[in-house]
$ cat my_file-v3.pdb   # PDB, C-alpha atoms
MODEL        1
ATOM      1  CA  GLN A   1     -27.351   0.573   5.099  1.00  0.00           C
ATOM      2  CA  SER A   2     -25.246  -2.570   5.194  1.00  0.00           C
ATOM      3  CA  VAL A   3     -26.489  -5.761   6.797  1.00  0.00           C
ATOM      4  CA  LEU A   4     -23.129  -5.895   8.580  1.00  0.00           C
ATOM      5  CA  THR A   5     -22.771  -3.097  11.124  1.00  0.00           C
ATOM      6  CA  GLN A   6     -19.409  -1.583  11.975  1.00  0.00           C
ATOM      7  CA  PRO A   7     -18.604   1.512  14.007  1.00  0.00           C
ATOM      8  CA  PRO A   8     -17.771   4.336  11.597  1.00  0.00           C
ATOM      9  CA  SER A   9     -14.590   5.229  13.432  1.00  0.00           C
ATOM     10  CA  ALA A  10     -12.021   3.945  15.885  1.00  0.00           C
ATOM     11  CA  SER A  11      -8.822   5.407  17.225  1.00  0.00           C
ATOM     12  CA  GLY A  12      -5.826   4.679  19.393  1.00  0.00           C
ATOM     13  CA  THR A  13      -2.310   5.766  20.160  1.00  0.00           C
ATOM     14  CA  PRO A  14       0.795   3.923  18.980  1.00  0.00           C
ATOM     15  CA  GLY A  15       1.291   0.713  20.904  1.00  0.00           C
ATOM     16  CA  GLN A  16      -2.313   0.462  22.048  1.00  0.00           C
ATOM     17  CA  ARG A  17      -4.750  -2.320  21.276  1.00  0.00           C
ATOM     18  CA  VAL A  18      -7.839  -1.507  19.237  1.00  0.00           C
ATOM     19  CA  THR A  19     -10.851  -3.690  18.541  1.00  0.00           C
ATOM     20  CA  ILE A  20     -13.269  -3.171  15.647  1.00  0.00           C
ATOM     21  CA  SER A  21     -16.628  -4.902  15.831  1.00  0.00           C
ATOM     22  CA  CYS A  22     -18.863  -6.270  13.094  1.00  0.00           C
ATOM     23  CA  SER A  23     -22.441  -7.191  13.902  1.00  0.00           C
ATOM     24  CA  GLY A  24     -24.659  -9.264  11.657  1.00  0.00           C
ATOM     25  CA  SER A  25     -27.235 -12.031  11.802  1.00  0.00           C
ATOM     26  CA  THR A  26     -27.716 -15.760  11.364  1.00  0.00           C
ATOM     27  CA  SER A  27     -28.024 -15.300   7.594  1.00  0.00           C
ATOM     28  CA  ASN A  28     -24.504 -13.962   7.279  1.00  0.00           C
ATOM     29  CA  ILE A  29     -21.934 -14.036  10.095  1.00  0.00           C
ATOM     30  CA  GLY A  30     -23.847 -16.727  11.952  1.00  0.00           C
ATOM     31  CA  GLY A  31     -23.844 -19.072   8.985  1.00  0.00           C
ATOM     32  CA  TYR A  32     -20.802 -18.252   6.890  1.00  0.00           C
ATOM     33  CA  THR A  33     -17.177 -17.273   7.208  1.00  0.00           C
ATOM     34  CA  LEU A  34     -16.210 -13.724   8.046  1.00  0.00           C
ATOM     35  CA  ASN A  35     -13.326 -11.900   6.410  1.00  0.00           C
ATOM     36  CA  TRP A  36     -11.588  -8.620   7.210  1.00  0.00           C
ATOM     37  CA  TYR A  37     -10.066  -6.283   4.651  1.00  0.00           C
ATOM     38  CA  GLN A  38      -7.664  -3.391   5.138  1.00  0.00           C
ATOM     39  CA  HIS A  39      -7.789  -0.435   2.795  1.00  0.00           C
ATOM     40  CA  LEU A  40      -4.942   1.993   3.317  1.00  0.00           C
ATOM     41  CA  PRO A  41      -4.892   5.362   1.521  1.00  0.00           C
ATOM     42  CA  GLY A  42      -3.680   5.095  -2.048  1.00  0.00           C
ATOM     43  CA  THR A  43      -3.445   1.326  -2.036  1.00  0.00           C
ATOM     44  CA  ALA A  44      -5.579  -1.611  -3.106  1.00  0.00           C
ATOM     45  CA  PRO A  45      -7.683  -3.266  -0.418  1.00  0.00           C
ATOM     46  CA  LYS A  46      -6.134  -6.437   0.903  1.00  0.00           C
ATOM     47  CA  VAL A  47      -7.396  -9.345   2.949  1.00  0.00           C
ATOM     48  CA  LEU A  48      -6.166  -9.323   6.535  1.00  0.00           C
ATOM     49  CA  ILE A  49      -8.165 -12.110   8.122  1.00  0.00           C
ATOM     50  CA  TYR A  50     -10.086 -14.841   6.303  1.00  0.00           C
ATOM     51  CA  ASP A  51     -12.336 -17.601   7.544  1.00  0.00           C
ATOM     52  CA  THR A  52     -12.958 -15.606  10.747  1.00  0.00           C
ATOM     53  CA  SER A  53      -9.550 -15.968  12.390  1.00  0.00           C
ATOM     54  CA  LYS A  54      -6.891 -16.998   9.863  1.00  0.00           C
ATOM     55  CA  ARG A  55      -4.240 -14.426   9.030  1.00  0.00           C
ATOM     56  CA  ALA A  56      -3.542 -13.902   5.360  1.00  0.00           C
ATOM     57  CA  SER A  57      -0.023 -14.433   4.077  1.00  0.00           C
ATOM     58  CA  GLY A  58       2.362 -11.749   5.287  1.00  0.00           C
ATOM     59  CA  VAL A  59      -0.046 -10.288   7.862  1.00  0.00           C
ATOM     60  CA  PRO A  60       1.704  -9.771  11.207  1.00  0.00           C
ATOM     61  CA  ASP A  61       0.355 -11.515  14.275  1.00  0.00           C
ATOM     62  CA  ARG A  62      -0.619  -8.114  15.678  1.00  0.00           C
ATOM     63  CA  PHE A  63      -3.841  -8.658  13.757  1.00  0.00           C
ATOM     64  CA  SER A  64      -6.337 -11.208  15.003  1.00  0.00           C
ATOM     65  CA  GLY A  65      -9.960 -12.077  14.343  1.00  0.00           C
ATOM     66  CA  SER A  66     -12.683 -13.796  16.298  1.00  0.00           C
ATOM     67  CA  LYS A  67     -16.379 -14.542  16.088  1.00  0.00           C
ATOM     68  CA  SER A  68     -19.136 -15.257  18.559  1.00  0.00           C
ATOM     69  CA  GLY A  69     -22.568 -16.068  17.250  1.00  0.00           C
ATOM     70  CA  THR A  70     -23.580 -13.279  14.887  1.00  0.00           C
ATOM     71  CA  SER A  71     -20.825 -10.841  15.803  1.00  0.00           C
ATOM     72  CA  ALA A  72     -17.157 -10.693  14.936  1.00  0.00           C
ATOM     73  CA  SER A  73     -14.163  -8.627  15.956  1.00  0.00           C
ATOM     74  CA  LEU A  74     -10.847  -7.548  14.526  1.00  0.00           C
ATOM     75  CA  THR A  75      -8.191  -6.766  17.115  1.00  0.00           C
ATOM     76  CA  ILE A  76      -5.045  -4.842  16.321  1.00  0.00           C
ATOM     77  CA  SER A  77      -2.332  -4.986  18.971  1.00  0.00           C
ATOM     78  CA  GLY A  78       0.717  -2.754  19.113  1.00  0.00           C
ATOM     79  CA  LEU A  79      -0.970  -0.113  16.972  1.00  0.00           C
ATOM     80  CA  GLN A  80       1.313   1.554  14.430  1.00  0.00           C
ATOM     81  CA  SER A  81       0.911   4.709  12.364  1.00  0.00           C
ATOM     82  CA  GLY A  82       0.930   2.591   9.229  1.00  0.00           C
ATOM     83  CA  ASP A  83      -2.280   0.906  10.368  1.00  0.00           C
ATOM     84  CA  GLU A  84      -4.273   4.074   9.746  1.00  0.00           C
ATOM     85  CA  GLY A  85      -6.926   3.459   7.140  1.00  0.00           C
ATOM     86  CA  ASP A  86     -10.280   1.785   6.576  1.00  0.00           C
ATOM     87  CA  TYR A  87     -11.243  -1.685   7.714  1.00  0.00           C
ATOM     88  CA  TYR A  88     -14.142  -3.740   6.368  1.00  0.00           C
ATOM     89  CA  CYS A  89     -15.748  -6.956   7.452  1.00  0.00           C
ATOM     90  CA  ALA A  90     -17.388  -9.105   4.784  1.00  0.00           C
ATOM     91  CA  SER A  91     -19.462 -12.236   4.601  1.00  0.00           C
ATOM     92  CA  TRP A  92     -22.052 -14.013   2.467  1.00  0.00           C
ATOM     93  CA  ASP A  93     -25.733 -13.274   2.939  1.00  0.00           C
ATOM     94  CA  ASP A  94     -28.427 -15.159   1.078  1.00  0.00           C
ATOM     95  CA  SER A  95     -27.248 -14.656  -2.487  1.00  0.00           C
ATOM     96  CA  LEU A  96     -24.612 -11.988  -2.304  1.00  0.00           C
ATOM     97  CA  VAL A  97     -21.336 -10.893  -0.804  1.00  0.00           C
ATOM     98  CA  VAL A  98     -21.914  -8.190   1.786  1.00  0.00           C
ATOM     99  CA  PHE A  99     -19.444  -5.732   3.244  1.00  0.00           C
ATOM    100  CA  GLY A 100     -19.770  -3.803   6.436  1.00  0.00           C
ATOM    101  CA  GLY A 101     -19.917  -0.046   6.148  1.00  0.00           C
ATOM    102  CA  GLY A 102     -16.265   0.240   7.090  1.00  0.00           C
ATOM    103  CA  THR A 103     -14.427   1.606  10.101  1.00  0.00           C
ATOM    104  CA  LYS A 104     -11.957   4.450   9.722  1.00  0.00           C
ATOM    105  CA  LEU A 105      -9.034   3.812  12.061  1.00  0.00           C
ATOM    106  CA  THR A 106      -7.076   6.847  13.203  1.00  0.00           C
ATOM    107  CA  VAL A 107      -3.734   6.538  14.955  1.00  0.00           C
ATOM    108  CA  LEU A 108      -3.446   9.538  17.235  1.00  0.00           C
TER
ATOM    109  CA  HIS B   1       1.390 -15.429  -8.095  1.00  0.00           C
ATOM    110  CA  LEU B   2      -1.728 -13.801  -9.460  1.00  0.00           C
ATOM    111  CA  GLN B   3      -1.760 -10.097 -10.251  1.00  0.00           C
ATOM    112  CA  LEU B   4      -4.723  -8.070 -11.462  1.00  0.00           C
ATOM    113  CA  GLN B   5      -4.804  -4.703 -13.217  1.00  0.00           C
ATOM    114  CA  GLU B   6      -7.880  -2.711 -14.146  1.00  0.00           C
ATOM    115  CA  SER B   7      -8.201  -0.451 -17.155  1.00  0.00           C
ATOM    116  CA  GLY B   8     -11.012   1.793 -18.271  1.00  0.00           C
ATOM    117  CA  PRO B   9     -12.091   5.179 -19.655  1.00  0.00           C
ATOM    118  CA  GLY B  10     -11.937   7.314 -16.503  1.00  0.00           C
ATOM    119  CA  LEU B  11     -14.817   9.551 -17.606  1.00  0.00           C
ATOM    120  CA  VAL B  12     -18.200   8.447 -18.912  1.00  0.00           C
ATOM    121  CA  LYS B  13     -21.258  10.516 -19.812  1.00  0.00           C
ATOM    122  CA  PRO B  14     -24.616   9.859 -18.166  1.00  0.00           C
ATOM    123  CA  SER B  15     -26.768   7.241 -19.940  1.00  0.00           C
ATOM    124  CA  GLU B  16     -23.729   5.803 -21.745  1.00  0.00           C
ATOM    125  CA  THR B  17     -22.249   2.330 -21.281  1.00  0.00           C
ATOM    126  CA  LEU B  18     -19.174   1.794 -19.114  1.00  0.00           C
ATOM    127  CA  SER B  19     -16.721  -0.964 -19.986  1.00  0.00           C
ATOM    128  CA  LEU B  20     -13.863  -1.943 -17.695  1.00  0.00           C
ATOM    129  CA  THR B  21     -11.250  -4.629 -18.175  1.00  0.00           C
ATOM    130  CA  CYS B  22      -9.139  -6.546 -15.684  1.00  0.00           C
ATOM    131  CA  THR B  23      -5.957  -8.126 -17.008  1.00  0.00           C
ATOM    132  CA  VAL B  24      -4.816 -11.218 -15.152  1.00  0.00           C
ATOM    133  CA  SER B  25      -1.148 -12.162 -14.966  1.00  0.00           C
ATOM    134  CA  GLY B  26       0.574 -15.034 -13.215  1.00  0.00           C
ATOM    135  CA  ALA B  27      -1.775 -17.795 -14.349  1.00  0.00           C
ATOM    136  CA  PRO B  28      -4.184 -18.629 -17.158  1.00  0.00           C
ATOM    137  CA  ILE B  29      -7.589 -17.205 -16.358  1.00  0.00           C
ATOM    138  CA  SER B  30      -9.173 -20.549 -17.200  1.00  0.00           C
ATOM    139  CA  SER B  31      -7.013 -22.571 -14.808  1.00  0.00           C
ATOM    140  CA  GLY B  32      -8.090 -23.691 -11.371  1.00  0.00           C
ATOM    141  CA  SER B  33     -11.338 -22.655  -9.755  1.00  0.00           C
ATOM    142  CA  TYR B  34     -11.658 -18.885  -9.505  1.00  0.00           C
ATOM    143  CA  TYR B  35     -14.437 -16.368  -9.134  1.00  0.00           C
ATOM    144  CA  TRP B  36     -13.352 -13.322 -11.103  1.00  0.00           C
ATOM    145  CA  SER B  37     -15.012 -10.381  -9.402  1.00  0.00           C
ATOM    146  CA  TRP B  38     -15.769  -6.670  -9.483  1.00  0.00           C
ATOM    147  CA  ILE B  39     -16.153  -4.461  -6.425  1.00  0.00           C
ATOM    148  CA  ARG B  40     -16.562  -0.702  -6.254  1.00  0.00           C
ATOM    149  CA  ARG B  41     -16.156   2.074  -3.735  1.00  0.00           C
ATOM    150  CA  PRO B  42     -18.163   5.259  -4.348  1.00  0.00           C
ATOM    151  CA  PRO B  43     -16.623   8.454  -2.955  1.00  0.00           C
ATOM    152  CA  GLY B  44     -17.215   8.751   0.757  1.00  0.00           C
ATOM    153  CA  LYS B  45     -18.837   5.329   0.936  1.00  0.00           C
ATOM    154  CA  GLY B  46     -17.820   1.746   1.605  1.00  0.00           C
ATOM    155  CA  LEU B  47     -17.075  -1.256  -0.561  1.00  0.00           C
ATOM    156  CA  GLU B  48     -19.862  -2.775  -2.643  1.00  0.00           C
ATOM    157  CA  TRP B  49     -19.695  -6.147  -4.383  1.00  0.00           C
ATOM    158  CA  ILE B  50     -20.969  -5.930  -7.959  1.00  0.00           C
ATOM    159  CA  GLY B  51     -20.659  -9.445  -9.292  1.00  0.00           C
ATOM    160  CA  SER B  52     -18.482 -12.440 -10.091  1.00  0.00           C
ATOM    161  CA  ILE B  53     -17.978 -15.000 -12.831  1.00  0.00           C
ATOM    162  CA  HIS B  54     -16.664 -18.497 -12.235  1.00  0.00           C
ATOM    163  CA  ASN B  55     -14.351 -20.354 -14.610  1.00  0.00           C
ATOM    164  CA  SER B  56     -17.347 -22.531 -15.477  1.00  0.00           C
ATOM    165  CA  GLY B  57     -19.151 -19.472 -16.833  1.00  0.00           C
ATOM    166  CA  SER B  58     -21.635 -19.166 -13.993  1.00  0.00           C
ATOM    167  CA  THR B  59     -22.305 -15.587 -12.985  1.00  0.00           C
ATOM    168  CA  TYR B  60     -23.377 -14.059  -9.693  1.00  0.00           C
ATOM    169  CA  TYR B  61     -24.603 -10.504  -9.265  1.00  0.00           C
ATOM    170  CA  ASN B  62     -25.572  -8.193  -6.443  1.00  0.00           C
ATOM    171  CA  PRO B  63     -29.379  -8.187  -6.721  1.00  0.00           C
ATOM    172  CA  SER B  64     -29.592  -4.708  -5.218  1.00  0.00           C
ATOM    173  CA  LEU B  65     -27.803  -3.329  -8.280  1.00  0.00           C
ATOM    174  CA  LYS B  66     -30.484  -4.742 -10.549  1.00  0.00           C
ATOM    175  CA  SER B  67     -29.478  -6.019 -13.951  1.00  0.00           C
ATOM    176  CA  ARG B  68     -27.379  -3.217 -15.393  1.00  0.00           C
ATOM    177  CA  PHE B  69     -24.103  -5.071 -14.875  1.00  0.00           C
ATOM    178  CA  THR B  70     -22.563  -7.845 -16.952  1.00  0.00           C
ATOM    179  CA  VAL B  71     -19.352  -9.681 -16.088  1.00  0.00           C
ATOM    180  CA  SER B  72     -17.621 -11.715 -18.792  1.00  0.00           C
ATOM    181  CA  VAL B  73     -14.328 -13.479 -19.467  1.00  0.00           C
ATOM    182  CA  ASP B  74     -12.056 -13.335 -22.530  1.00  0.00           C
ATOM    183  CA  LYS B  75      -9.785 -16.367 -22.208  1.00  0.00           C
ATOM    184  CA  SER B  76      -7.791 -15.473 -25.316  1.00  0.00           C
ATOM    185  CA  LYS B  77      -6.666 -12.222 -23.696  1.00  0.00           C
ATOM    186  CA  ASN B  78      -6.512 -13.523 -20.112  1.00  0.00           C
ATOM    187  CA  GLN B  79      -8.923 -10.778 -19.122  1.00  0.00           C
ATOM    188  CA  PHE B  80     -12.328 -10.384 -17.583  1.00  0.00           C
ATOM    189  CA  SER B  81     -14.614  -7.434 -18.015  1.00  0.00           C
ATOM    190  CA  LEU B  82     -17.417  -5.408 -16.484  1.00  0.00           C
ATOM    191  CA  ARG B  83     -20.105  -3.736 -18.559  1.00  0.00           C
ATOM    192  CA  LEU B  84     -22.532  -1.267 -17.008  1.00  0.00           C
ATOM    193  CA  ASN B  85     -25.433   0.124 -18.988  1.00  0.00           C
ATOM    194  CA  SER B  86     -27.107   3.506 -18.557  1.00  0.00           C
ATOM    195  CA  VAL B  87     -24.656   4.969 -16.087  1.00  0.00           C
ATOM    196  CA  THR B  88     -25.650   7.757 -13.723  1.00  0.00           C
ATOM    197  CA  ALA B  89     -23.707   9.951 -11.327  1.00  0.00           C
ATOM    198  CA  ALA B  90     -24.365   7.345  -8.639  1.00  0.00           C
ATOM    199  CA  ASP B  91     -22.046   4.988 -10.531  1.00  0.00           C
ATOM    200  CA  THR B  92     -19.057   7.271  -9.937  1.00  0.00           C
ATOM    201  CA  ALA B  93     -16.624   5.151  -7.949  1.00  0.00           C
ATOM    202  CA  VAL B  94     -13.272   3.459  -7.826  1.00  0.00           C
ATOM    203  CA  TYR B  95     -13.778   0.057  -9.428  1.00  0.00           C
ATOM    204  CA  TYR B  96     -11.649  -2.869  -8.287  1.00  0.00           C
ATOM    205  CA  CYS B  97     -11.226  -6.278  -9.781  1.00  0.00           C
ATOM    206  CA  ALA B  98     -10.421  -9.134  -7.434  1.00  0.00           C
ATOM    207  CA  THR B  99     -10.672 -12.882  -7.263  1.00  0.00           C
ATOM    208  CA  VAL B 100     -11.770 -15.670  -4.961  1.00  0.00           C
ATOM    209  CA  GLY B 101      -9.789 -18.843  -5.475  1.00  0.00           C
ATOM    210  CA  GLY B 102     -10.004 -22.424  -4.356  1.00  0.00           C
ATOM    211  CA  VAL B 103     -13.264 -22.193  -2.438  1.00  0.00           C
ATOM    212  CA  THR B 104     -16.845 -21.274  -3.218  1.00  0.00           C
ATOM    213  CA  LEU B 105     -17.861 -17.630  -3.382  1.00  0.00           C
ATOM    214  CA  ARG B 106     -19.975 -17.906  -0.261  1.00  0.00           C
ATOM    215  CA  TYR B 107     -17.090 -19.232   1.821  1.00  0.00           C
ATOM    216  CA  GLY B 108     -14.269 -17.386   0.083  1.00  0.00           C
ATOM    217  CA  TRP B 109     -12.361 -14.156   0.345  1.00  0.00           C
ATOM    218  CA  PHE B 110     -11.093 -11.691  -2.238  1.00  0.00           C
ATOM    219  CA  ASP B 111      -7.375 -12.056  -2.797  1.00  0.00           C
ATOM    220  CA  PRO B 112      -5.678 -10.495  -4.653  1.00  0.00           C
ATOM    221  CA  TRP B 113      -7.178  -7.154  -5.686  1.00  0.00           C
ATOM    222  CA  GLY B 114      -6.221  -4.827  -8.471  1.00  0.00           C
ATOM    223  CA  GLN B 115      -5.105  -1.271  -7.748  1.00  0.00           C
ATOM    224  CA  GLY B 116      -8.461   0.123  -8.794  1.00  0.00           C
ATOM    225  CA  THR B 117      -9.559   2.515 -11.515  1.00  0.00           C
ATOM    226  CA  LEU B 118     -11.513   5.712 -10.915  1.00  0.00           C
ATOM    227  CA  VAL B 119     -14.611   6.146 -13.042  1.00  0.00           C
ATOM    228  CA  LYS B 120     -16.408   9.472 -13.035  1.00  0.00           C
ATOM    229  CA  VAL B 121     -19.825   9.868 -14.601  1.00  0.00           C
ATOM    230  CA  SER B 122     -20.299  13.413 -15.773  1.00  0.00           C
ATOM    231  CA  SER B 123     -21.494  15.314 -18.806  1.00  0.00           C
TER
ENDMDL
END
$ encode --input "my_file-v3.pdb" --output "structure tokens"
Amino acid sequence: QSVLTQPPSASGTPGQRVTISCSGSTSNIGGYTLNWYQHLPGTAPKVLIYDTSKRASGVPDRFSGSKSGTSASLTISGLQSGDEGDYYCASWDDSLVVFGGGTKLTVL
Amino acid sequence: HLQLQESGPGLVKPSETLSLTCTVSGAPISSGSYYWSWIRRPPGKGLEWIGSIHNSGSTYYNPSLKSRFTVSVDKSKNQFSLRLNSVTAADTAVYYCATVGGVTLRYGWFDPWGQGTLVKVSS
């Protein structure tokens, strides 16, 4: 069980907007930066959003991140078939890097 | 720009020692301020941070994985390595190397990542 809680799955149709949540506590999200990683099938994971809301180089503005207190969200607008894969939130907690359990995004 | 590539045995027997190497290209491994890191993804599970080593030599490990892991750097080869003692089937996973650069580990993010190498523990 991860200290960062994500829904195991999310889905949407092409063009829709999807939001993935990440819930934590004051010892992680509430006190440190929150990053989002995308892991598409057969590829290396890559950072999408760092420092809560900053898009990594080359990431389209369809992807956005936000945080409120001890929870964070990743929003994907204009959903595309190529977005199908796993998404992870990550932060620091006490003395280690922690990842959320991951959310499998399906594009219907 | 930095590129990372893992290499390793693919198959390891239970109780043996696993050694993985990450070759860094694009910059000297000793330059700048980087946390050279290992992360794994067991089949059907999520990502798990194993540990990191800073250019200064300081190491940081996931305490939940106990002390079976060792991360080290070989500056002469521009590589860093992961050593895991007494492997079990639970260590079967895709192992990724990655780095955090320019900020501290607690405020940083992993970028870039290697492609990953599958390690299976089986007799």
$ resolve_selection --input "my_file-v3.pdb" --expression "the PyMOL selection byres ((chain B) within 9 of (chain A))" --output "PyMOL selection string"
chain B and resi 45-51+60-63+96+105-116
$ atom_distance --input "my_file-v3.pdb" --atom1 "atom CA of B:Ser37" --atom2 "atom CA of B:Gln79"
11.5 Å
$ atom_distance --input "my_file-v3.pdb" --atom1 "atom CA of B:Tyr95" --atom2 "atom CA of B:Thr117"
5.3 Å
$ resolve_selection --input "my_file-v3.pdb" --expression "the PyMOL selection byres ((chain B and resi 13) around 6)" --output "ChimeraX atom specification"
/B:12,14,16,121-123
$ resolve_selection --input "my_file-v3.pdb" --expression "the PyMOL selection byres ((chain B and resi 71-76) around 10)" --output "CSV table (one decimal) with C-alpha atoms, in the frame of the given file"
chain,number,residue,atom,x,y,z
B,19,SER,CA,-16.7,-1.0,-20.0
B,20,LEU,CA,-13.9,-1.9,-17.7
B,21,THR,CA,-11.2,-4.6,-18.2
B,22,CYS,CA,-9.1,-6.5,-15.7
B,23,THR,CA,-6.0,-8.1,-17.0
B,28,PRO,CA,-4.2,-18.6,-17.2
B,29,ILE,CA,-7.6,-17.2,-16.4
B,30,SER,CA,-9.2,-20.5,-17.2
B,36,TRP,CA,-13.4,-13.3,-11.1
B,37,SER,CA,-15.0,-10.4,-9.4
B,38,TRP,CA,-15.8,-6.7,-9.5
B,50,ILE,CA,-21.0,-5.9,-8.0
B,51,GLY,CA,-20.7,-9.4,-9.3
B,52,SER,CA,-18.5,-12.4,-10.1
B,53,ILE,CA,-18.0,-15.0,-12.8
B,54,HIS,CA,-16.7,-18.5,-12.2
B,55,ASN,CA,-14.4,-20.4,-14.6
B,57,GLY,CA,-19.2,-19.5,-16.8
B,58,SER,CA,-21.6,-19.2,-14.0
B,59,THR,CA,-22.3,-15.6,-13.0
B,60,TYR,CA,-23.4,-14.1,-9.7
B,61,TYR,CA,-24.6,-10.5,-9.3
B,69,PHE,CA,-24.1,-5.1,-14.9
B,70,THR,CA,-22.6,-7.8,-17.0
B,77,LYS,CA,-6.7,-12.2,-23.7
B,78,ASN,CA,-6.5,-13.5,-20.1
B,79,GLN,CA,-8.9,-10.8,-19.1
B,80,PHE,CA,-12.3,-10.4,-17.6
B,81,SER,CA,-14.6,-7.4,-18.0
B,82,LEU,CA,-17.4,-5.4,-16.5
B,83,ARG,CA,-20.1,-3.7,-18.6
B,84,LEU,CA,-22.5,-1.3,-17.0
$ atom_distance --input "my_file-v3.pdb" --atom1 "atom CA of A:Ser66" --atom2 "atom CA of A:Leu105"
18.5 Å
$ axis_aligned_box --input "my_file-v3.pdb" --around "stretch 80-86 of chain A" --padding-each-side "8 Å" --output "JSON"
{"center_x": -4.5, "center_y": 2.8, "center_z": 10.5, "size_x": 27.6, "size_y": 19.8, "size_z": 23.9}
$ residues_around --input "my_file-v3.pdb" --residues "B:Ser15" --least-positions-apart "4" --cutoff "9 Å" --atoms "all atoms listed in the file" --output "mmCIF file with C-alpha atoms, in the frame of the given file"
data_model
loop_
_atom_site.group_PDB
_atom_site.id
_atom_site.type_symbol
_atom_site.label_atom_id
_atom_site.label_comp_id
_atom_site.auth_asym_id
_atom_site.auth_seq_id
_atom_site.Cartn_x
_atom_site.Cartn_y
_atom_site.Cartn_z
ATOM 1 C CA ASN B 85 -25.433 0.124 -18.988
ATOM 2 C CA SER B 86 -27.107 3.506 -18.557
ATOM 3 C CA VAL B 87 -24.656 4.969 -16.087
ATOM 4 C CA THR B 88 -25.650 7.757 -13.723
#
$ residues_around --input "my_file-v3.pdb" --residues "A:Glu84" --least-positions-apart "4" --cutoff "7 Å" --atoms "all atoms listed in the file" --output "list in words"
Leu40, Leu105, Thr106 and Val107 of chain A
$ residues_near_point --input "my_file-v3.pdb" --point "(-20.8, -17.8, 16.3)" --cutoff "12 Å" --atoms "only C-alpha atoms" --output "list of chain:residue names"
A:Ser23, A:Gly24, A:Ser25, A:Thr26, A:Ser27, A:Asn28, A:Ile29, A:Gly30, A:Gly31, A:Tyr32, A:Thr33, A:Leu34, A:Thr52, A:Ser66, A:Lys67, A:Ser68, A:Gly69, A:Thr70, A:Ser71, A:Ala72, A:Ser73
$ residues_around --input "my_file-v3.pdb" --residues "A:Phe63" --least-positions-apart "4" --cutoff "7 Å" --atoms "all atoms listed in the file" --output "list in words"
Thr75, Ile76 and Ser77 of chain A
$ residues_around --input "my_file-v3.pdb" --residues "B:Ala93" --least-positions-apart "4" --cutoff "8 Å" --atoms "all atoms listed in the file" --output "ChimeraX atom specification"
/B:40-43,118-120
$ closest_residue --input "my_file-v3.pdb" --among "B:Val103, B:Ala90, B:Leu18, B:Val24" --to "B:His1" --atoms "all atoms listed in the file"
B:Val24
